[in-house]
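*Asks:* Just passing along the structure, written as structure tokens.
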Amino acid sequence: MAEHLTDHAGQVRGLFDAKAATWPAKYAPDGRLSGRLTRLAAALSNHVPAVGRVLDLGCGTGELARAAAARGMRVTACDISQQMLRRAAERDPSGAVEWVQLCPNWQTLPFEPFTFDAVVASSVLEYVDDPAAVLSECARVLRKSGVVLCTVPDLSHPIRWLECLAGLAARLPWVRAASDRWPRCQRYFTYLRISRHRTLARWWRATGERAGLHLVPCPSDLDKRAPLRLLAFRGPGDAKAKPS
């Protein structure tokens, strides 16, 4: 299938291909995303049986996938970024995780219905064209008692306020012209442009419901310093599922 890297999905892949070389360092013990990894792994353990099957959707360089596999879970991890997946596989010499490449414009996950006890989508949904369609696919491959764990931008965090202002500034012609001189600034503006879905919690709840999922309380929250909100969804067949 021909891919056009000027479209949104291609831009997302390009952004994360460029980040792949330095991405693992962010999850090192002193990295700025280490707390996110710890809390996501804890949330996964709270919701999934020790030998459960997990899909890590948008796995990056695979830190969460390997952590889940180390706890005995059977993990499949997928991403649209070829460079992220290459580094993930290199860091998994024992082959504990199944690594799967997705097309940037994927519409259907390459898995059978009712396959996974949990699907994790960490900082994924804000980058996709249609979050409801992605959540519908998550629901399709989820077992009846399974859970979808997502992180999405927390609009109450001051970093998100600054990003909003920066996004508005990036629309000004003179700011765009000035950013051409600094590649790092260009990458930041690209991130702001393609990270589309920055909405309130009730919007995510309604989006999950359109996908046949229901928001439920999540006992393990993210570090309050992180500009992210952790959401847990269950399918309509789960007796414990109720609007939160």
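Simple scheme: letters A, B, ... for chains in structure tokens order, numbers from 1 for residues in each chain, numbers from 1 for ligands in the order shown.
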Check the DSSP output for the backbone and give back, as a compact mmCIF listing (two decimals) with C-alpha atoms, in the first residue's frame, the residues of stretch 36-77 of chain A in helix (DSSP H, G or I).
*Replies:*
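Contents of result.txt, freshly written:
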# COMPACT_ATOMS: atom_id res chain seq x y z
CA ARG A 36 4.23 7.05 34.06
CA LEU A 37 5.68 3.60 33.42
CA THR A 38 5.46 2.63 37.10
CA ARG A 39 1.85 3.72 37.43
CA LEU A 40 0.67 2.22 34.15
CA ALA A 41 2.27 -1.11 35.10
CA ALA A 42 0.51 -0.94 38.48
CA ALA A 43 -2.84 -0.14 36.85
CA LEU A 44 -2.38 -3.07 34.50
CA SER A 45 -1.65 -5.41 37.39
CA ASN A 46 -4.76 -4.17 39.21
CA HIS A 47 -7.02 -4.97 36.27
CA GLU A 63 9.08 -0.35 28.07
CA LEU A 64 5.55 -1.08 29.33
CA ALA A 65 5.26 -4.21 27.17
CA ARG A 66 8.46 -5.67 28.60
CA ALA A 67 7.44 -4.73 32.16
CA ALA A 68 4.11 -6.54 31.70
CA ALA A 69 5.84 -9.58 30.19
CA ALA A 70 8.24 -9.66 33.14
*Asks:* If you run DSSP on the backbone, which residues of stretch 17-64 of chain A are strand (DSSP E or B), as a ChimeraX atom specification?
*Replies:* /A:53-57
*Asks:* Using the selection just defined, write its residues with C-alpha atoms as an mmCIF file, in the first residue's frame.
*Replies:*
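Final output, again_37.cif:
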data_model
loop_
_atom_site.group_PDB
_atom_site.id
_atom_site.type_symbol
_atom_site.label_atom_id
_atom_site.label_comp_id
_atom_site.auth_asym_id
_atom_site.auth_seq_id
_atom_site.Cartn_x
_atom_site.Cartn_y
_atom_site.Cartn_z
ATOM 1 C CA ARG A 53 -3.173 -11.411 27.475
ATOM 2 C CA VAL A 54 -2.341 -7.742 26.907
ATOM 3 C CA LEU A 55 -2.222 -5.593 23.790
ATOM 4 C CA ASP A 56 0.030 -2.527 24.045
ATOM 5 C CA LEU A 57 -1.315 -0.282 21.285
#
*Asks:* What's around A:Asp129 at 10 Å? Count only C-alpha atoms, leave out sequence neighbours fewer than 2 positions away in its own chain, and write the answer as JSON, numbers by chain.
*Replies:* {"A": [8, 9, 105, 125, 126, 127, 131, 132, 133, 134, 194, 195, 196, 197]}
*Asks:* Separation of atom CA of A:Gly72 and atom CA of A:Leu142, in Å?
*Replies:* 18.9 Å
*Asks:* Using only C-alpha atoms, which residue out of A:Pro104, A:Leu135, A:Lys26, A:Gly31 lies closest to A:Asp7?
*Replies:*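 Selected residue with least distance to A:Asp7: A:Pro104.
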*Asks:* For each of A:Thr199, A:Ser123, A:Thr115, A:Thr76, take the minimum atom-to-atom distance to A:Ala139, counting only C-alpha atoms, then give the residue where this is smallest.
*Replies:*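 Under the stated criterion, the closest residue is A:Thr115.
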*Asks:* I'd like the neighbourhood of A:Leu102 as a ChimeraX atom specification, where a residue qualifies if any of its atoms comes within 7 Å (using only C-alpha atoms), though same-chain residues fewer than 2 positions away should be ignored.
*Replies:* /A:78-80,100,104,106
*Asks:* Keeping N, CA and C atoms, export the residues of the selection given above as a PDB file, in the first residue's frame.
*Replies:*
ATOM      1  N   CYS A  78       2.177  -3.233  19.470  1.00  0.00           N
ATOM      2  CA  CYS A  78       2.154  -2.773  18.085  1.00  0.00           C
ATOM      3  C   CYS A  78       2.319  -1.261  18.025  1.00  0.00           C
ATOM      4  N   ASP A  79       2.789  -0.795  16.864  1.00  0.00           N
ATOM      5  CA  ASP A  79       3.030   0.629  16.671  1.00  0.00           C
ATOM      6  C   ASP A  79       3.070   0.901  15.175  1.00  0.00           C
ATOM      7  N   ILE A  80       2.855   2.175  14.807  1.00  0.00           N
ATOM      8  CA  ILE A  80       2.993   2.556  13.407  1.00  0.00           C
ATOM      9  C   ILE A  80       4.420   2.982  13.088  1.00  0.00           C
ATOM     10  N   VAL A 100       4.362  -6.169  16.566  1.00  0.00           N
ATOM     11  CA  VAL A 100       3.550  -6.124  15.351  1.00  0.00           C
ATOM     12  C   VAL A 100       3.588  -4.726  14.752  1.00  0.00           C
ATOM     13  N   PRO A 104       0.404   3.089   9.027  1.00  0.00           N
ATOM     14  CA  PRO A 104       0.015   4.376   9.631  1.00  0.00           C
ATOM     15  C   PRO A 104      -1.477   4.676   9.509  1.00  0.00           C
ATOM     16  N   TRP A 106      -3.990   2.472   9.509  1.00  0.00           N
ATOM     17  CA  TRP A 106      -4.737   1.262   9.817  1.00  0.00           C
ATOM     18  C   TRP A 106      -6.166   1.599  10.251  1.00  0.00           C
TER      19      TRP A 106
END
